Structures are given as C-alpha cells and as structure tokens.
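Trainee: Below is one structure. I have some questions about it.
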Amino acid sequence: MRLLRLSTVVANTALTRGLARLARRGPLDDQPFVRAITKLVARSDYPAFAKWQAEADPLARRVLGDGAVSVAQFTRPTKDGETMRHDVVVAYRDRATFDAWMANEEKDEWLKRGEALNERVGLRAATIDDFTAPATPAAAAMPPFHKNFATILGAIFPTVMVVSKVVVPTLFHFAPALHHVPPVAFTFGTCALTTAAMLKLSVPVSKKVLGRYLKPGGDTPAATLAVLAAFASLVAGACVATGDVDARAVAAALAKALASKSS
C-alpha cells in the first residue's frame with residue numbers, strides 16, 4: 001500500500017513538472033489540449049474496469065493515429081477501502097484532435113460499455129497554458145437524484161418519528177410550560193432539533209446502511225427492490241411500534257386468510 005501511494009505521488013509530480021515544462025515553451029498556435037478525468041470504481045468491479053479502460057489506448061490510435069494522444073493513469077484506493085480512485089490525464093496533440101475524438105461514434109460506444117463500471121466525479125479540460133494555471137475550486141458533483149432521495153428519506157423518516165412520538169411527548173410531560181410556547185416557535189425548535197439529529201446521526205447511518213446501493217453501479221434492479229422492501233419494513237415496524245396498527249389483529253387476519261385459502 002505504501003509503495004502504491006509513493007509511486008502515485010512520484011507519477012503525479014512527474015506529470016505536473018512535464019506539463020509545466022510544456023507551458024514554459026510559450027504560447028503555441030496548436031498547443032496541446034489536456035483533459036483530466038477522475039472516476040470512482042467499486043473494488044469488486046475494478047478488474048472489469050481495468051480491462052475496459054485498457055481498450056482506450058488502441059482505440060485512440062486507431063481513430064486518431066499514432067502519436068495523437070499521450071495518456072497517464074493513476075489508481076489508488078479511497079479512504080473507505082471499498083472503492084478505487086482512477087485518475088486519467090490525456091494530452092491531445094491539439095484542439096482539433098480532441099474535437100475529432102469527442103465526435104467519434106466508436107468512442108461513444110466504448111464509453112457506453114463502461115458506464116456501469118465507474119462513476120465520474122471530476123472533469124477538467126483546457127489548453128496546456130490554462131491547465132497549468134491555478135484553478136478555482138470546482139463544485140462537488142451531486143449524487144443521482146434517486147440515491148440522494150433514498151439517503152435523505154432513510155434519515156428523515158425515523159428521525160421525525162422519534163421526535164414526534166417520543167421526544168415531544170416527553171418534553172410536554174416533564175415541562176408542561178411548553179404548552180404556552182407559541183406554535184410557530186415550538187415548530188422551529190423541533191425542526192432545529194430534527195435537523196441536528198439528522199446531520200449528526202441519521203444521515204451518516206443512512207449512508208452506511210445504503211452503502212452498497214450508493215456505490216457506482218450499485219443501483220441494480222435487485223438492489224432497488226431490496227431498498228424498497230427495507231423502506232416498507234421500516235414503515236410497517238413504525239406502525240406497529242406506535243400502535244397505529246394492531247399487530248395481533250393483522251396477524252389474525254392473515255392467518256384466517258391463509259387458512260381459508262388452504263381449505
């Protein structure tokens with residue numbers, strides 16, 4: 001692991017120095033065009049991803065010709081140990097070469113085959129002069145809507161249930177004076193309490209529970225059905241725990257239905 005990190009640092013340093021040397025040559029009419037891409041890959045998908053990524057170099061030579069592009073790739077595990085960060089820096093001969101690559105249909109088909117194997121989290125494209133200049137911080141990539149929705153729903157539902165069914169009644173029981181607090185002020189207080197609980201506890205727990213689903217390519221049909229089943233179980237359990245549903249009556253009705261069906 002230390003050797004991998006050391007080699008990555010050395011490679012990145014050499015790449016940065018090489019780009020800087022190109023930039024010091026001064027402005028060119030057809031200066032190289034550089035594109036840097038950062039991808040996250042599930043560790044279990046990495047062998048298939050590496051095989052797919054290896055197809056890029058021969059494809060580029062076939063489409064653009066020899067010497068049209070130079071590629072540097074760096075891979076290292078992320079902090080959670082379950083995903084790999086893959087950085088690719090591609091230097092095209094000039095902007096026209098880059099435009100030809102982007103317009104190529106064979107390249108588009110190759111990209112589609114690898115969509116399920118990785119998630120792009122960073123992209124920067126510029127001339128060599130612009131690329132080596134200080135860059136303004138880029139905004140963090142937003143997760144897909146359905147994954148963000150599942151994470152927030154998995155955090156907000158249990159938090160709101162606990163606050164409304166446990167915390168608020170307990171506060172009224174031990175502090176009757178709260179009945180005289182203006183409703184708007186009390187609502188603001190409960191919202192503040194719910195938000196703090198979500199940020200500190202519920203959202204991290206939700207992300208951990210949905211960890212496999214939230215990974216790149218983790219939202220398979222089977223995984224989506226499992227998440228929906230988990231939410232259904234959560235709602236059913238809350239209904240029973242709060243007494244909104246009579247569990248014994250439901251069990252008796254199910255047993256009666258099964259008995260009548262079998263007879």
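Letters A, B, ... mark the chains of the structure tokens in the order given; residue numbers begin at 1 per chain; ligand numbers begin at 1, in order shown.
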I want to know what sits within 8 Å of region 185-199 of chain A, based on only C-alpha atoms, with residues of the same chain fewer than 3 positions away left out; could you give that as number ranges by chain?

Mentor: A: 155-156, 159-160, 163, 181-182, 202-204

Trainee: Can you tell me, as a PyMOL selection string, what residues are no more than 7 Å from region 85-92 of chain A when counting only C-alpha atoms, ignoring any on the same chain fewer than 2 positions away?

Mentor: chain A and resi 32-41+68-78+83+94+97-98

Trainee: Restricting it to C-alpha atoms, dump the selection as a short mmCIF file (atom, residue, chain, number, x, y, z; two decimals), in the first residue's frame.

Mentor:
```cif
data_model
loop_
_atom_site.label_atom_id
_atom_site.label_comp_id
_atom_site.auth_asym_id
_atom_site.auth_seq_id
_atom_site.Cartn_x
_atom_site.Cartn_y
_atom_site.Cartn_z
CA PRO A 32 -1.66 20.51 -26.69
CA PHE A 33 -5.15 20.17 -25.24
CA VAL A 34 -5.29 18.39 -21.89
CA ARG A 35 -8.20 16.54 -20.31
CA ALA A 36 -8.17 15.19 -16.73
CA ILE A 37 -10.86 12.78 -15.55
CA THR A 38 -11.39 11.36 -12.07
CA LYS A 39 -13.50 8.24 -11.65
CA LEU A 40 -14.62 6.11 -8.71
CA VAL A 41 -14.78 2.35 -9.18
CA ALA A 68 -2.03 11.91 -31.45
CA VAL A 69 -2.54 11.40 -27.70
CA SER A 70 -0.46 10.75 -24.59
CA VAL A 71 -2.13 9.09 -21.59
CA ALA A 72 -1.13 8.93 -17.92
CA GLN A 73 -3.22 6.86 -15.48
CA PHE A 74 -3.07 6.62 -11.69
CA THR A 75 -5.12 4.34 -9.44
CA ARG A 76 -5.28 4.22 -5.66
CA PRO A 77 -7.81 3.02 -3.05
CA THR A 78 -10.02 5.56 -1.34
CA THR A 83 -13.71 1.91 -3.90
CA ASP A 94 -4.18 19.92 -30.44
CA THR A 97 -7.55 16.20 -32.36
CA PHE A 98 -9.64 16.46 -29.20
#
```

Trainee: Quick one: everything within 12 Å of Pro216 (chain A), counting only C-alpha atoms, minus sequence neighbours fewer than 5 positions away in the same chain. Send it as a list in words.

Mentor: Lys39, Leu40, Val41, Ala42, Arg43, Ser44, Asp45, Tyr46, Phe49, Glu82, Thr83, Met84, Arg85, Gly114, Glu115, Ala116, Leu117, Asn118, Glu119, Arg120, Val121, Pro143, Pro144, Lys147 and Gly211 of chain A

Trainee: Any idea what's packed within 12 Å of Ala241 (chain A), counting only C-alpha atoms, ignoring anything in its chain fewer than 6 positions away? Could you give it as JSON, numbers by chain?

Mentor: {"A": [158, 161, 162, 165, 166, 233, 234, 235, 247]}

Trainee: Write the residues you've just listed into a file as a PDB file, in the first residue's frame, and include N, CA, C and O atoms for each of them.

Mentor:
```pdb
ATOM      1  N   PRO A 158     -37.208   8.050  10.173  1.00  0.00           N
ATOM      2  CA  PRO A 158     -37.068   7.623  11.573  1.00  0.00           C
ATOM      3  C   PRO A 158     -36.818   8.782  12.528  1.00  0.00           C
ATOM      4  O   PRO A 158     -37.268   8.750  13.683  1.00  0.00           O
ATOM      5  N   MET A 161     -40.145  10.495  13.216  1.00  0.00           N
ATOM      6  CA  MET A 161     -40.971   9.616  14.041  1.00  0.00           C
ATOM      7  C   MET A 161     -40.534   9.665  15.501  1.00  0.00           C
ATOM      8  O   MET A 161     -41.374   9.763  16.408  1.00  0.00           O
ATOM      9  N   VAL A 162     -39.237   9.597  15.738  1.00  0.00           N
ATOM     10  CA  VAL A 162     -38.737   9.606  17.117  1.00  0.00           C
ATOM     11  C   VAL A 162     -39.023  10.953  17.775  1.00  0.00           C
ATOM     12  O   VAL A 162     -39.462  11.015  18.944  1.00  0.00           O
ATOM     13  N   LYS A 165     -43.024  11.250  18.187  1.00  0.00           N
ATOM     14  CA  LYS A 165     -43.683  10.241  19.019  1.00  0.00           C
ATOM     15  C   LYS A 165     -43.031  10.032  20.385  1.00  0.00           C
ATOM     16  O   LYS A 165     -43.668   9.515  21.302  1.00  0.00           O
ATOM     17  N   VAL A 166     -41.772  10.437  20.514  1.00  0.00           N
ATOM     18  CA  VAL A 166     -41.056  10.181  21.768  1.00  0.00           C
ATOM     19  C   VAL A 166     -40.568  11.483  22.409  1.00  0.00           C
ATOM     20  O   VAL A 166     -40.901  11.785  23.559  1.00  0.00           O
ATOM     21  N   SER A 233     -40.611  -2.338   5.263  1.00  0.00           N
ATOM     22  CA  SER A 233     -40.463  -2.929   6.591  1.00  0.00           C
ATOM     23  C   SER A 233     -40.331  -1.860   7.659  1.00  0.00           C
ATOM     24  O   SER A 233     -40.871  -1.992   8.769  1.00  0.00           O
ATOM     25  N   LEU A 234     -39.613  -0.779   7.321  1.00  0.00           N
ATOM     26  CA  LEU A 234     -39.439   0.321   8.273  1.00  0.00           C
ATOM     27  C   LEU A 234     -40.774   0.975   8.606  1.00  0.00           C
ATOM     28  O   LEU A 234     -41.082   1.242   9.778  1.00  0.00           O
ATOM     29  N   VAL A 235     -41.593   1.210   7.583  1.00  0.00           N
ATOM     30  CA  VAL A 235     -42.903   1.828   7.802  1.00  0.00           C
ATOM     31  C   VAL A 235     -43.809   0.887   8.593  1.00  0.00           C
ATOM     32  O   VAL A 235     -44.504   1.310   9.535  1.00  0.00           O
ATOM     33  N   ALA A 247     -51.027  -5.155  15.580  1.00  0.00           N
ATOM     34  CA  ALA A 247     -50.272  -6.267  15.011  1.00  0.00           C
ATOM     35  C   ALA A 247     -50.993  -7.591  15.189  1.00  0.00           C
ATOM     36  O   ALA A 247     -50.984  -8.442  14.296  1.00  0.00           O
TER      37      ALA A 247
END
```

Trainee: Give me the residues near region 106-108 of chain A as a PyMOL selection string, where near means some atom within 9 Å (using only C-alpha atoms) and where sequence neighbours in that chain fewer than 6 positions away do not count.

Mentor: chain A and resi 56+59-60+63

Trainee: Run DSSP on the backbone and tell me which residues of region 21-252 of chain A come out as alpha helix (DSSP H); list them as number ranges by chain.

Mentor: A: 21-24, 46-53, 56-64, 95-102, 105-113, 128-132, 145-162, 168-174, 183-197, 203-209, 211-214, 221-242, 247-252

Trainee: Taking the chain letters and numbering used in this document, name the residues of region 72-246 of chain A that DSSP puts in strand (DSSP E), as a compact mmCIF listing (two decimals) with N, CA and C atoms, in the first residue's frame.

Mentor:
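Output (result-v1.txt):
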```
# COMPACT_ATOMS: atom_id res chain seq x y z
N ALA A 72 -1.70 9.30 -19.21
CA ALA A 72 -1.13 8.93 -17.92
C ALA A 72 -2.29 8.53 -17.00
N GLN A 73 -2.15 7.38 -16.33
CA GLN A 73 -3.22 6.86 -15.48
C GLN A 73 -2.66 6.54 -14.10
N PHE A 74 -3.46 6.88 -13.07
CA PHE A 74 -3.07 6.62 -11.69
C PHE A 74 -4.26 6.05 -10.93
N THR A 75 -4.04 4.98 -10.19
CA THR A 75 -5.12 4.34 -9.44
C THR A 75 -4.68 4.14 -8.00
N ARG A 76 -5.57 4.45 -7.08
CA ARG A 76 -5.28 4.22 -5.66
C ARG A 76 -6.60 4.00 -4.91
N PRO A 77 -6.58 3.23 -3.83
CA PRO A 77 -7.81 3.02 -3.05
C PRO A 77 -8.22 4.27 -2.31
N THR A 83 -13.71 1.40 -2.54
CA THR A 83 -13.71 1.91 -3.90
C THR A 83 -12.29 2.30 -4.29
N MET A 84 -12.08 2.41 -5.59
CA MET A 84 -10.78 2.81 -6.12
C MET A 84 -10.96 4.14 -6.86
N ARG A 85 -9.99 5.04 -6.67
CA ARG A 85 -9.98 6.30 -7.41
C ARG A 85 -9.06 6.14 -8.61
N HIS A 86 -9.59 6.41 -9.78
CA HIS A 86 -8.82 6.26 -11.02
C HIS A 86 -8.74 7.62 -11.70
N ASP A 87 -7.53 8.15 -11.83
CA ASP A 87 -7.29 9.43 -12.49
C ASP A 87 -6.65 9.19 -13.85
N VAL A 88 -7.21 9.82 -14.86
CA VAL A 88 -6.68 9.73 -16.22
C VAL A 88 -6.39 11.14 -16.72
N VAL A 89 -5.16 11.36 -17.20
CA VAL A 89 -4.78 12.63 -17.81
C VAL A 89 -4.41 12.34 -19.26
N VAL A 90 -5.13 12.96 -20.20
CA VAL A 90 -4.92 12.73 -21.62
C VAL A 90 -4.48 14.03 -22.27
N ALA A 91 -3.34 14.00 -22.94
CA ALA A 91 -2.85 15.17 -23.68
C ALA A 91 -3.04 14.91 -25.17
N TYR A 92 -3.94 15.67 -25.78
CA TYR A 92 -4.19 15.56 -27.21
C TYR A 92 -3.22 16.48 -27.97
N GLU A 119 -18.07 5.74 -11.92
CA GLU A 119 -18.83 6.98 -11.73
C GLU A 119 -17.87 8.16 -11.83
N ARG A 120 -18.10 9.03 -12.81
CA ARG A 120 -17.22 10.17 -13.00
C ARG A 120 -17.51 11.22 -11.93
N VAL A 121 -16.49 11.64 -11.20
CA VAL A 121 -16.66 12.62 -10.14
C VAL A 121 -15.86 13.90 -10.38
N GLY A 122 -15.06 13.93 -11.42
CA GLY A 122 -14.27 15.12 -11.70
C GLY A 122 -13.88 15.18 -13.16
N LEU A 123 -13.89 16.38 -13.73
CA LEU A 123 -13.53 16.55 -15.13
C LEU A 123 -12.98 17.96 -15.33
N ARG A 124 -11.84 18.05 -16.03
CA ARG A 124 -11.29 19.34 -16.39
C ARG A 124 -10.64 19.22 -17.74
N ALA A 125 -10.95 20.15 -18.62
CA ALA A 125 -10.38 20.16 -19.96
C ALA A 125 -9.96 21.57 -20.30
N ALA A 126 -8.73 21.74 -20.82
CA ALA A 126 -8.22 23.07 -21.13
C ALA A 126 -6.96 22.95 -21.97
N THR A 127 -6.50 24.09 -22.52
CA THR A 127 -5.22 24.10 -23.19
C THR A 127 -4.12 23.91 -22.16
```

Trainee: Mind giving me the straight-line distance from CA of Lys207 (chain A) to CA of Gly81 (chain A) in Å, one decimal?

Mentor: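 A separation of 15.5 Å between them.
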
Trainee: Report the distance between CA of Ala48 (chain A) and CA of Met102 (chain A) in Å, rounded to one decimal place.

Mentor: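 Distance between the two atoms: 23.5 Å.
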
Trainee: Using only C-alpha atoms, find the one residue out of A:Glu105, A:Lys112, A:Gly65, A:Ala150 that sits nearest to Trp52 (chain A).

Mentor: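 Ranking A:Glu105, A:Lys112, A:Gly65, A:Ala150 by distance to Trp52 (chain A), first place goes to A:Lys112.
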
Trainee: Could you check how far CA of Lys200 (chain A) sits from CA of Thr220 (chain A), in Å to one decimal?

Mentor: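 Between CA of Lys200 (chain A) and CA of Thr220 (chain A) the gap works out to 28.9 Å.
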